[in-house]
Structure formats: structure tokens, C-alpha cells
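Have a look at protein05.pdb below; it lists PDB, C-alpha atoms.
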MODEL        1
ATOM      1  CA  ASN H   1      -7.639  12.930  26.764
ATOM      2  CA  LEU H   2      -4.198  13.170  25.169
ATOM      3  CA  PHE H   3      -5.527  13.612  21.633
ATOM      4  CA  ALA H   4      -7.937  16.337  22.750
ATOM      5  CA  PHE H   5      -4.904  18.131  24.152
ATOM      6  CA  LEU H   6      -2.916  17.629  20.964
ATOM      7  CA  GLU H   7      -5.693  18.437  18.498
ATOM      8  CA  PRO H   8      -4.931  22.181  18.184
ATOM      9  CA  ARG H   9      -1.399  21.202  17.235
ATOM     10  CA  VAL H  10      -2.372  18.627  14.600
ATOM     11  CA  ALA H  11      -2.174  21.184  11.781
ATOM     12  CA  MET H  12       1.571  21.407  12.408
ATOM     13  CA  ALA H  13       1.892  17.625  12.546
ATOM     14  CA  LEU H  14       0.259  17.328   9.115
ATOM     15  CA  LYS H  15       3.221  18.939   7.366
ATOM     16  CA  VAL H  16       4.716  15.557   6.520
ATOM     17  CA  PRO H  17       7.218  15.860   3.637
ATOM     18  CA  SER H  18       6.407  14.061   0.396
ATOM     19  CA  VAL H  19       8.632  12.375  -2.150
ATOM     20  CA  ALA H  20       8.104  12.860  -5.881
ATOM     21  CA  LEU H  21       7.414   9.683  -7.866
ATOM     22  CA  HIS H  22       8.518   9.272 -11.463
ATOM     23  CA  ASP H  23       4.931   9.278 -12.768
ATOM     24  CA  GLY H  24       4.424  12.868 -11.633
ATOM     25  CA  THR H  25       2.567  12.093  -8.397
ATOM     26  CA  SER H  26       3.956  12.357  -4.878
ATOM     27  CA  MET H  27       3.752  10.170  -1.775
ATOM     28  CA  PRO H  28       4.020  11.136   1.912
ATOM     29  CA  LEU H  29       7.264   9.995   3.502
ATOM     30  CA  LEU H  30       5.439   8.727   6.597
ATOM     31  CA  GLY H  31       2.533   6.303   6.512
ATOM     32  CA  PHE H  32       0.399   4.221   8.869
ATOM     33  CA  GLY H  33       0.439   0.448   8.323
ATOM     34  CA  CYS H  34      -2.984  -1.187   8.636
ATOM     35  CA  TYR H  35      -1.846  -4.781   9.188
ATOM     36  CA  LYS H  36      -3.786  -6.237  12.169
ATOM     37  CA  VAL H  37      -5.838  -3.063  12.589
ATOM     38  CA  GLY H  38      -9.251  -4.205  13.787
ATOM     39  CA  VAL H  39      -8.771  -7.715  12.373
ATOM     40  CA  ILE H  40      -6.136 -10.425  12.831
ATOM     41  CA  PRO H  41      -5.886 -12.263   9.479
ATOM     42  CA  GLY H  42      -6.597 -15.958   9.836
ATOM     43  CA  SER H  43      -3.288 -16.824   8.179
ATOM     44  CA  ALA H  44      -1.225 -14.541  10.425
ATOM     45  CA  THR H  45       1.328 -16.173  12.710
ATOM     46  CA  GLY H  46      -0.232 -16.778  16.118
ATOM     47  CA  ALA H  47      -3.683 -15.695  14.939
ATOM     48  CA  ALA H  48      -5.477 -18.420  16.908
ATOM     49  CA  SER H  49      -4.059 -17.287  20.232
ATOM     50  CA  ALA H  50      -3.833 -13.548  19.558
ATOM     51  CA  ALA H  51      -5.688 -11.122  21.803
ATOM     52  CA  PRO H  52      -8.599  -9.290  20.169
ATOM     53  CA  PRO H  53      -7.322  -6.160  18.428
ATOM     54  CA  ALA H  54      -8.523  -2.664  19.278
ATOM     55  CA  PRO H  55     -11.516  -1.522  17.192
ATOM     56  CA  ALA H  56     -10.423  -0.234  13.791
ATOM     57  CA  GLU H  57     -12.491   2.950  14.094
ATOM     58  CA  GLN H  58     -10.637   3.941  17.246
ATOM     59  CA  VAL H  59      -7.205   3.063  15.838
ATOM     60  CA  ILE H  60      -7.768   4.998  12.606
ATOM     61  CA  SER H  61      -9.287   7.921  14.497
ATOM     62  CA  ASP H  62      -6.231   8.084  16.750
ATOM     63  CA  ALA H  63      -3.890   7.848  13.744
ATOM     64  CA  LEU H  64      -5.701  10.702  11.983
ATOM     65  CA  LYS H  65      -5.596  12.828  15.125
ATOM     66  CA  ALA H  66      -1.863  12.159  15.403
ATOM     67  CA  GLY H  67      -1.424  13.570  11.906
ATOM     68  CA  TYR H  68      -1.263  10.499   9.671
ATOM     69  CA  ARG H  69      -2.802  10.894   6.221
ATOM     70  CA  CYS H  70      -1.058   8.060   4.359
ATOM     71  CA  PHE H  71      -2.457   4.566   5.012
ATOM     72  CA  ASP H  72      -1.047   1.274   3.752
ATOM     73  CA  CYS H  73      -3.770  -1.349   3.263
ATOM     74  CA  ALA H  74      -3.957  -4.745   1.560
ATOM     75  CA  GLN H  75      -6.323  -7.523   0.559
ATOM     76  CA  PHE H  76      -4.272  -9.899   2.725
ATOM     77  CA  TYR H  77      -4.978  -7.856   5.863
ATOM     78  CA  GLU H  78      -8.690  -8.820   5.660
ATOM     79  CA  ASN H  79      -9.755  -5.499   7.159
ATOM     80  CA  GLU H  80     -10.336  -3.073   4.300
ATOM     81  CA  ALA H  81     -14.088  -2.902   4.959
ATOM     82  CA  VAL H  82     -13.614  -1.891   8.606
ATOM     83  CA  ILE H  83     -10.826   0.524   7.636
ATOM     84  CA  GLY H  84     -13.146   2.092   5.058
ATOM     85  CA  ALA H  85     -15.902   2.456   7.654
ATOM     86  CA  ALA H  86     -13.385   4.144   9.948
ATOM     87  CA  PHE H  87     -12.380   6.595   7.209
ATOM     88  CA  LYS H  88     -16.032   7.446   6.614
ATOM     89  CA  ALA H  89     -16.705   7.920  10.317
ATOM     90  CA  ALA H  90     -13.710  10.254  10.620
ATOM     91  CA  GLY H  91     -15.082  12.540   7.914
ATOM     92  CA  ILE H  92     -11.666  13.482   6.494
ATOM     93  CA  PRO H  93     -11.922  14.730   2.868
ATOM     94  CA  ARG H  94     -10.676  12.148   0.356
ATOM     95  CA  SER H  95      -8.289  14.708  -1.127
ATOM     96  CA  GLU H  96      -6.380  14.815   2.181
ATOM     97  CA  LEU H  97      -5.786  11.063   2.280
ATOM     98  CA  TYR H  98      -3.180   8.948   0.486
ATOM     99  CA  ILE H  99      -4.528   5.385   0.383
ATOM    100  CA  ALA H 100      -2.465   2.443  -0.843
ATOM    101  CA  SER H 101      -3.493  -1.188  -1.215
ATOM    102  CA  LYS H 102      -2.014  -4.434  -2.483
ATOM    103  CA  VAL H 103      -3.449  -7.417  -4.361
ATOM    104  CA  TRP H 104      -2.656 -10.803  -2.799
ATOM    105  CA  ASN H 105      -1.184 -13.918  -4.377
ATOM    106  CA  ASP H 106      -4.449 -15.837  -4.802
ATOM    107  CA  ARG H 107      -5.934 -13.164  -7.067
ATOM    108  CA  ILE H 108      -2.647 -12.753  -8.936
ATOM    109  CA  PHE H 109      -2.570 -16.513  -9.565
ATOM    110  CA  GLU H 110      -6.192 -16.512 -10.773
ATOM    111  CA  GLY H 111      -5.372 -13.986 -13.472
ATOM    112  CA  PRO H 112      -6.080 -10.443 -14.668
ATOM    113  CA  ALA H 113      -9.876 -10.576 -14.235
ATOM    114  CA  ALA H 114      -9.446 -11.545 -10.575
ATOM    115  CA  VAL H 115      -6.863  -8.790 -10.062
ATOM    116  CA  ARG H 116      -9.273  -6.232 -11.510
ATOM    117  CA  ALA H 117     -12.161  -7.503  -9.390
ATOM    118  CA  GLN H 118     -10.024  -7.289  -6.256
ATOM    119  CA  CYS H 119      -8.934  -3.736  -7.005
ATOM    120  CA  LEU H 120     -12.547  -2.637  -7.445
ATOM    121  CA  LYS H 121     -13.504  -4.474  -4.234
ATOM    122  CA  SER H 122     -10.729  -2.737  -2.306
ATOM    123  CA  ILE H 123     -11.948   0.639  -3.576
ATOM    124  CA  GLU H 124     -15.507  -0.241  -2.553
ATOM    125  CA  ASP H 125     -14.486  -1.588   0.864
ATOM    126  CA  LEU H 126     -12.225   1.384   1.601
ATOM    127  CA  GLN H 127     -14.937   3.778   0.369
ATOM    128  CA  CYS H 128     -12.224   5.813  -1.324
ATOM    129  CA  GLU H 129     -13.317   6.277  -4.999
ATOM    130  CA  TYR H 130      -9.802   5.472  -6.243
ATOM    131  CA  LEU H 131      -6.462   4.235  -4.902
ATOM    132  CA  ASP H 132      -3.469   6.541  -4.769
ATOM    133  CA  LEU H 133      -1.149   3.537  -5.034
ATOM    134  CA  TYR H 134      -1.918  -0.069  -5.951
ATOM    135  CA  MET H 135       0.761  -2.734  -5.643
ATOM    136  CA  ILE H 136       1.495  -6.334  -6.549
ATOM    137  CA  HIS H 137       1.972  -7.791  -3.038
ATOM    138  CA  TRP H 138       4.358 -10.562  -4.122
ATOM    139  CA  PRO H 139       5.879 -11.402  -7.542
ATOM    140  CA  VAL H 140       4.026 -14.676  -8.124
ATOM    141  CA  PRO H 141       6.192 -16.641 -10.613
ATOM    142  CA  GLY H 142       4.715 -16.804 -14.090
ATOM    143  CA  LYS H 143       1.764 -14.625 -13.069
ATOM    144  CA  HIS H 144       2.933 -11.228 -11.857
ATOM    145  CA  LEU H 145       3.584  -9.778 -15.322
ATOM    146  CA  GLU H 146      -0.010 -10.136 -16.498
ATOM    147  CA  ALA H 147      -1.223  -8.878 -13.114
ATOM    148  CA  TYR H 148       0.997  -5.827 -13.523
ATOM    149  CA  GLN H 149      -0.428  -5.216 -16.992
ATOM    150  CA  GLU H 150      -3.929  -5.214 -15.489
ATOM    151  CA  LEU H 151      -2.804  -2.593 -12.978
ATOM    152  CA  MET H 152      -1.688  -0.479 -15.931
ATOM    153  CA  LYS H 153      -5.216  -0.677 -17.394
ATOM    154  CA  LEU H 154      -6.738   0.277 -14.046
ATOM    155  CA  LYS H 155      -4.455   3.299 -13.960
ATOM    156  CA  GLU H 156      -5.544   4.334 -17.457
ATOM    157  CA  GLU H 157      -9.154   4.178 -16.243
ATOM    158  CA  GLY H 158      -8.435   6.398 -13.237
ATOM    159  CA  LYS H 159      -9.094   3.692 -10.654
ATOM    160  CA  VAL H 160      -5.441   3.822  -9.601
ATOM    161  CA  LYS H 161      -3.173   6.875  -9.573
ATOM    162  CA  SER H 162       0.178   5.084  -9.272
ATOM    163  CA  ILE H 163       1.378   1.519  -9.788
ATOM    164  CA  GLY H 164       3.807  -0.147  -7.421
ATOM    165  CA  VAL H 165       5.202  -3.511  -6.376
ATOM    166  CA  SER H 166       6.083  -5.132  -3.090
ATOM    167  CA  ASN H 167       8.795  -7.629  -2.137
ATOM    168  CA  TYR H 168      10.431  -7.418  -5.570
ATOM    169  CA  THR H 169      14.059  -8.346  -6.031
ATOM    170  CA  VAL H 170      16.427  -7.144  -8.755
ATOM    171  CA  GLU H 171      15.559 -10.295 -10.714
ATOM    172  CA  ASP H 172      11.811  -9.655 -10.450
ATOM    173  CA  LEU H 173      12.278  -6.118 -11.742
ATOM    174  CA  ALA H 174      14.318  -7.511 -14.630
ATOM    175  CA  GLU H 175      11.262  -9.516 -15.715
ATOM    176  CA  LEU H 176       9.234  -6.314 -15.987
ATOM    177  CA  GLU H 177      12.030  -4.680 -17.955
ATOM    178  CA  ALA H 178      12.382  -7.664 -20.300
ATOM    179  CA  ALA H 179       8.642  -7.439 -21.034
ATOM    180  CA  LYS H 180       9.159  -3.718 -21.808
ATOM    181  CA  LEU H 181       6.618  -2.680 -19.190
ATOM    182  CA  PRO H 182       6.693   0.752 -17.507
ATOM    183  CA  LEU H 183       8.660   0.693 -14.278
ATOM    184  CA  PRO H 184       6.779   0.763 -10.949
ATOM    185  CA  THR H 185       6.909   3.955  -8.921
ATOM    186  CA  VAL H 186       7.422   2.176  -5.595
ATOM    187  CA  ASN H 187       8.808  -1.080  -4.230
ATOM    188  CA  GLN H 188       7.606  -1.863  -0.706
ATOM    189  CA  ILE H 189      10.063  -4.180   1.032
ATOM    190  CA  GLU H 190      11.411  -4.838   4.495
ATOM    191  CA  ILE H 191      14.211  -2.402   5.266
ATOM    192  CA  ASN H 192      15.602  -1.704   8.709
ATOM    193  CA  PRO H 193      18.995  -1.420  10.440
ATOM    194  CA  PHE H 194      19.167  -5.227  10.696
ATOM    195  CA  LEU H 195      18.092  -5.852   7.096
ATOM    196  CA  TYR H 196      19.602  -3.168   4.887
ATOM    197  CA  ARG H 197      19.583  -4.405   1.292
ATOM    198  CA  LYS H 198      22.265  -2.128  -0.066
ATOM    199  CA  LYS H 199      22.558  -3.615  -3.579
ATOM    200  CA  THR H 200      18.790  -3.898  -4.062
ATOM    201  CA  ILE H 201      18.253  -0.337  -2.882
ATOM    202  CA  ALA H 202      20.996   0.985  -5.159
ATOM    203  CA  HIS H 203      19.647  -0.858  -8.213
ATOM    204  CA  PHE H 204      16.033   0.266  -7.819
ATOM    205  CA  ALA H 205      17.119   3.808  -6.980
ATOM    206  CA  SER H 206      19.161   3.922 -10.189
ATOM    207  CA  GLN H 207      15.895   3.265 -12.059
ATOM    208  CA  GLY H 208      14.077   6.082 -10.274
ATOM    209  CA  ILE H 209      11.980   3.705  -8.145
ATOM    210  CA  LYS H 210      11.297   4.782  -4.563
ATOM    211  CA  PHE H 211      11.259   2.436  -1.580
ATOM    212  CA  GLN H 212       8.533   2.171   0.999
ATOM    213  CA  ALA H 213       9.976   0.399   4.038
ATOM    214  CA  TYR H 214       8.116  -1.912   6.388
TER     215      TYR H 214
ENDMDL
END

Represent the supplied structure as C-alpha cells.
Amino acid sequence: NLFAFLEPRVAMALKVPSVALHDGTSMPLLGFGCYKVGVIPGSATGAASAAPPAPAEQVISDALKAGYRCFDCAQFYENEAVIGAAFKAAGIPRSELYIASKVWNDRIFEGPAAVRAQCLKSIEDLQCEYLDLYMIHWPVPGKHLEAYQELMKLKEEGKVKSIGVSNYTVEDLAELEAAKLPLPTVNQIEINPFLYRKKTIAHFASQGIKFQAY
């Protein structure tokens, strides 16, 4: 068993550097994406013909044994309940985990009450008491500002430690600024050697906003 062999060395693997966020919290620089872990979302490309995924409990257990403590989840992934069960089965103290989630477009479109309900459902499904980071998954036109304001209220109540966004452009950020809303701590967007958004990265960085790449 490879992980049984590695387990004595996991303590060293856990020393993942963190980056300071502008709200005074910090976020690990390395995280484990939970898309298609245990569940293939019905709307995912090729979902109908996809092979059954490995059980979430095993995947999360292996990730924890490898040293991951930061997990990126989302309503859209349709697997937060099985991820939460896997966290519980692993028995890792909540204080050692950094759990992020994102609210999907349907709830954003429905309005603030739906956004709040989804956040509380994600916390319940993930069995995590609170979210370290909660993000707007996509900037739904005409709706994302009020959704963002609801995230601010959830933060004030202690349900969320940090507020972030995902897939935001410079223009989307400008809408938050025009509404005089506090800036997000994180923008999660696709960044890789083949898609390096130099101007977007420079603009958000100038505002003190960190990127989380997928």
C-alpha cells in the first residue's frame, strides 16, 4: 500500500505554504479540486457515457493522506454531501481543513434568499460548520451584485470566513467597484501556460486580489 508507506512522511508534506489574503485570513497555495469526485454532474460534458467515478470516500482519503488540506467544492459539482461524508469518515479536525465552495448560477438568478439557502446547504452537506471561502461561481448579469451582498452578510454572521469570486473579468470587477462593495479576496479562473491572462492578472493583482487557478 503506497499510502501506508508514505504515511509517516505526511507530516512533512503538510507544510504547504499559504498566501495572505487582504481580509487578514490566509489560503493554502495548493488545493484539491472536487469536480467529478464521486459524482459526475448531469450537465457535465460526456456525463451520459462517462465511466463511474471512484468512490468519494476513497478519493478524499487518498488526498488527505497525500497531504492535501485545501479542498475546492461547489454546488455545481453535485457531490458536496458525499464529500462531507468523506471528511467525516477521515476524522481530520475541522481546524486543519480549508474548505471552499461556490454558489451556482441558478441560485444567483433566483436572488439573495436562494444564495443564502444554498450556502447553508453547502455547510450542512459538507459537515464543516462554516466555509473558509465562498465564491460567486459566475458573474450572472444583473444578479451577481446582490448575490455578492448576501455573501457579505453571511461573512458578518460567521458562516463564511472569506468572500471570493470565480470567472470574473476586469469588467465584472468594475461593477463591484462601481457599487462601492468590498473587493473579493480571490478570483478563481482558468490560468495555465496555454491561457495566461496577463492583463487580467495584473489588474486584479493591483487591487490586492489573489488568483486561484484551475

Provide the atom CA of Asn105 of chain H to atom CA of Pro139 of chain H distance in Å, to one decimal place.
8.1 Å

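The set of residues that the PyMOL selection byres ((chain H and resi 32) around 7) takes from this file is Gly31, Gly33, Cys34, Tyr68, Cys70, Phe71 and Asp72 of chain H.
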
What would the file look like if the residues just selected were written as a PDB file, in the frame of the given file with C-alpha atoms?
ATOM      1  CA  GLY H  31       2.533   6.303   6.512  1.00  0.00           C
ATOM      2  CA  GLY H  33       0.439   0.448   8.323  1.00  0.00           C
ATOM      3  CA  CYS H  34      -2.984  -1.187   8.636  1.00  0.00           C
ATOM      4  CA  TYR H  68      -1.263  10.499   9.671  1.00  0.00           C
ATOM      5  CA  CYS H  70      -1.058   8.060   4.359  1.00  0.00           C
ATOM      6  CA  PHE H  71      -2.457   4.566   5.012  1.00  0.00           C
ATOM      7  CA  ASP H  72      -1.047   1.274   3.752  1.00  0.00           C
TER       8      ASP H  72
END

Can you spell out as a ChimeraX atom specification the set of residues that the PyMOL selection byres ((chain H and resi 118-128) around 6) selects in the structure I just provided?
/H:80-81,84,115-117,129-130

Need the neighbours of (9.0, 9.7, -11.3): which residues are at most 10 Å away, counting all atoms listed in the file, as a ChimeraX atom specification?
/H:19-26,183-186,207-210

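Residue selection for this entry, given the PyMOL selection byres ((chain H and resi 174) around 12), comprises H:Pro139, H:Leu145, H:Tyr168, H:Thr169, H:Val170, H:Glu171, H:Asp172, H:Leu173, H:Glu175, H:Leu176, H:Glu177, H:Ala178, H:Ala179, H:Lys180, H:Leu181, H:Pro182, H:Leu183, H:Pro184, H:His203, H:Phe204, H:Gln207.
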
Kindly indicate which residue among H:Asn187, H:Ser61, H:Ser49, H:Gln75 lies nearest to Ser166 of chain H, using only C-alpha atoms for the distances.
H:Asn187

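Between Val103 of chain H and the residues H:Ala44, H:Ala51, H:Leu64, H:Ile163, the shortest atom-to-atom distance, using only C-alpha atoms, involves H:Ile163.
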
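The closest residue to Ser43 of chain H, picked from H:Pro93, H:Pro28, H:Leu131, H:Glu78 and counting only C-alpha atoms, is H:Glu78.
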
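Of note, atom CA of Leu29 of chain H and atom CA of Ala213 of chain H are spaced 10.0 Å apart.
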
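Of the residues listed (H:Lys36, H:Arg107, H:Arg197, H:Lys102), H:Lys36 shows the shortest atom-to-atom separation from Ile83 of chain H; distances use all atoms listed in the file.
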
Among listed residues H:Gln149, H:Asn167, H:Ser206, H:Ser162, nearest Ile191 of chain H (using all atoms listed in the file):
H:Asn167

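Proximity of H:Tyr148, H:Tyr77, H:Phe211, H:Phe87 to Ile99 of chain H, computed with only C-alpha atoms, is greatest for H:Phe87.
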
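Computed from the coordinates, the atom CA of Glu110 of chain H to atom CA of Met135 of chain H distance equals 16.3 Å.
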
Enclosing box along x, y and z for every listed atom of segment 162-177 of chain H, padded 5 Å each side, centre and size in Å, one decimal, as AutoDock Vina command-line options:
--center_x 8.3 --center_y -2.6 --center_z -10.0 --size_x 26.2 --size_y 25.4 --size_z 25.8

Mind rebuilding segment 113-142 of chain H with N, CA and C atoms and writing that out as a PDB file, in the frame of the given file?
ATOM      1  N   ALA H 113      -8.486 -10.888 -14.614  1.00  0.00           N
ATOM      2  CA  ALA H 113      -9.876 -10.576 -14.235  1.00  0.00           C
ATOM      3  C   ALA H 113     -10.034 -10.553 -12.719  1.00  0.00           C
ATOM      4  N   ALA H 114      -9.370 -11.486 -12.035  1.00  0.00           N
ATOM      5  CA  ALA H 114      -9.446 -11.545 -10.575  1.00  0.00           C
ATOM      6  C   ALA H 114      -8.718 -10.363  -9.942  1.00  0.00           C
ATOM      7  N   VAL H 115      -7.614  -9.953 -10.547  1.00  0.00           N
ATOM      8  CA  VAL H 115      -6.863  -8.790 -10.062  1.00  0.00           C
ATOM      9  C   VAL H 115      -7.730  -7.539 -10.168  1.00  0.00           C
ATOM     10  N   ARG H 116      -8.384  -7.376 -11.304  1.00  0.00           N
ATOM     11  CA  ARG H 116      -9.273  -6.232 -11.510  1.00  0.00           C
ATOM     12  C   ARG H 116     -10.416  -6.242 -10.489  1.00  0.00           C
ATOM     13  N   ALA H 117     -11.039  -7.396 -10.330  1.00  0.00           N
ATOM     14  CA  ALA H 117     -12.161  -7.503  -9.390  1.00  0.00           C
ATOM     15  C   ALA H 117     -11.718  -7.151  -7.978  1.00  0.00           C
ATOM     16  N   GLN H 118     -10.512  -7.584  -7.602  1.00  0.00           N
ATOM     17  CA  GLN H 118     -10.024  -7.289  -6.256  1.00  0.00           C
ATOM     18  C   GLN H 118      -9.755  -5.807  -6.081  1.00  0.00           C
ATOM     19  N   CYS H 119      -9.186  -5.174  -7.086  1.00  0.00           N
ATOM     20  CA  CYS H 119      -8.934  -3.736  -7.005  1.00  0.00           C
ATOM     21  C   CYS H 119     -10.240  -2.976  -6.792  1.00  0.00           C
ATOM     22  N   LEU H 120     -11.254  -3.308  -7.572  1.00  0.00           N
ATOM     23  CA  LEU H 120     -12.547  -2.637  -7.445  1.00  0.00           C
ATOM     24  C   LEU H 120     -13.184  -2.919  -6.088  1.00  0.00           C
ATOM     25  N   LYS H 121     -12.976  -4.136  -5.566  1.00  0.00           N
ATOM     26  CA  LYS H 121     -13.504  -4.474  -4.234  1.00  0.00           C
ATOM     27  C   LYS H 121     -12.789  -3.663  -3.152  1.00  0.00           C
ATOM     28  N   SER H 122     -11.479  -3.518  -3.291  1.00  0.00           N
ATOM     29  CA  SER H 122     -10.729  -2.737  -2.306  1.00  0.00           C
ATOM     30  C   SER H 122     -11.216  -1.290  -2.299  1.00  0.00           C
ATOM     31  N   ILE H 123     -11.449  -0.733  -3.488  1.00  0.00           N
ATOM     32  CA  ILE H 123     -11.948   0.639  -3.576  1.00  0.00           C
ATOM     33  C   ILE H 123     -13.315   0.747  -2.907  1.00  0.00           C
ATOM     34  N   GLU H 124     -14.173  -0.239  -3.158  1.00  0.00           N
ATOM     35  CA  GLU H 124     -15.507  -0.241  -2.553  1.00  0.00           C
ATOM     36  C   GLU H 124     -15.416  -0.391  -1.036  1.00  0.00           C
ATOM     37  N   ASP H 125     -14.604  -1.348  -0.576  1.00  0.00           N
ATOM     38  CA  ASP H 125     -14.486  -1.588   0.864  1.00  0.00           C
ATOM     39  C   ASP H 125     -13.890  -0.381   1.592  1.00  0.00           C
ATOM     40  N   LEU H 126     -12.891   0.240   0.974  1.00  0.00           N
ATOM     41  CA  LEU H 126     -12.225   1.384   1.601  1.00  0.00           C
ATOM     42  C   LEU H 126     -13.007   2.684   1.431  1.00  0.00           C
ATOM     43  N   GLN H 127     -14.065   2.619   0.605  1.00  0.00           N
ATOM     44  CA  GLN H 127     -14.937   3.778   0.369  1.00  0.00           C
ATOM     45  C   GLN H 127     -14.118   4.998  -0.048  1.00  0.00           C
ATOM     46  N   CYS H 128     -13.208   4.767  -1.015  1.00  0.00           N
ATOM     47  CA  CYS H 128     -12.224   5.813  -1.324  1.00  0.00           C
ATOM     48  C   CYS H 128     -12.247   6.316  -2.772  1.00  0.00           C
ATOM     49  N   GLU H 129     -13.141   5.818  -3.618  1.00  0.00           N
ATOM     50  CA  GLU H 129     -13.317   6.277  -4.999  1.00  0.00           C
ATOM     51  C   GLU H 129     -12.190   5.836  -5.934  1.00  0.00           C
ATOM     52  N   TYR H 130     -10.975   5.877  -5.465  1.00  0.00           N
ATOM     53  CA  TYR H 130      -9.802   5.472  -6.243  1.00  0.00           C
ATOM     54  C   TYR H 130      -8.687   5.156  -5.250  1.00  0.00           C
ATOM     55  N   LEU H 131      -7.634   4.515  -5.734  1.00  0.00           N
ATOM     56  CA  LEU H 131      -6.462   4.235  -4.902  1.00  0.00           C
ATOM     57  C   LEU H 131      -5.305   5.113  -5.362  1.00  0.00           C
ATOM     58  N   ASP H 132      -4.631   5.729  -4.410  1.00  0.00           N
ATOM     59  CA  ASP H 132      -3.469   6.541  -4.769  1.00  0.00           C
ATOM     60  C   ASP H 132      -2.314   5.666  -5.243  1.00  0.00           C
ATOM     61  N   LEU H 133      -2.219   4.477  -4.674  1.00  0.00           N
ATOM     62  CA  LEU H 133      -1.149   3.537  -5.034  1.00  0.00           C
ATOM     63  C   LEU H 133      -1.692   2.121  -4.926  1.00  0.00           C
ATOM     64  N   TYR H 134      -1.500   1.337  -5.988  1.00  0.00           N
ATOM     65  CA  TYR H 134      -1.918  -0.069  -5.951  1.00  0.00           C
ATOM     66  C   TYR H 134      -0.715  -0.918  -6.317  1.00  0.00           C
ATOM     67  N   MET H 135      -0.467  -1.949  -5.504  1.00  0.00           N
ATOM     68  CA  MET H 135       0.761  -2.734  -5.643  1.00  0.00           C
ATOM     69  C   MET H 135       0.504  -4.226  -5.812  1.00  0.00           C
ATOM     70  N   ILE H 136       1.416  -4.875  -6.518  1.00  0.00           N
ATOM     71  CA  ILE H 136       1.495  -6.334  -6.549  1.00  0.00           C
ATOM     72  C   ILE H 136       2.152  -6.744  -5.223  1.00  0.00           C
ATOM     73  N   HIS H 137       1.446  -7.510  -4.379  1.00  0.00           N
ATOM     74  CA  HIS H 137       1.972  -7.791  -3.038  1.00  0.00           C
ATOM     75  C   HIS H 137       3.224  -8.674  -3.080  1.00  0.00           C
ATOM     76  N   TRP H 138       3.204  -9.682  -3.941  1.00  0.00           N
ATOM     77  CA  TRP H 138       4.358 -10.562  -4.122  1.00  0.00           C
ATOM     78  C   TRP H 138       4.480 -10.922  -5.608  1.00  0.00           C
ATOM     79  N   PRO H 139       5.688 -11.058  -6.124  1.00  0.00           N
ATOM     80  CA  PRO H 139       5.879 -11.402  -7.542  1.00  0.00           C
ATOM     81  C   PRO H 139       5.630 -12.890  -7.795  1.00  0.00           C
ATOM     82  N   VAL H 140       4.377 -13.272  -7.916  1.00  0.00           N
ATOM     83  CA  VAL H 140       4.026 -14.676  -8.124  1.00  0.00           C
ATOM     84  C   VAL H 140       4.652 -15.156  -9.442  1.00  0.00           C
ATOM     85  N   PRO H 141       5.506 -16.178  -9.398  1.00  0.00           N
ATOM     86  CA  PRO H 141       6.192 -16.641 -10.613  1.00  0.00           C
ATOM     87  C   PRO H 141       5.219 -16.992 -11.733  1.00  0.00           C
ATOM     88  N   GLY H 142       5.520 -16.497 -12.917  1.00  0.00           N
ATOM     89  CA  GLY H 142       4.715 -16.804 -14.090  1.00  0.00           C
ATOM     90  C   GLY H 142       3.381 -16.082 -14.153  1.00  0.00           C
TER      91      GLY H 142
END
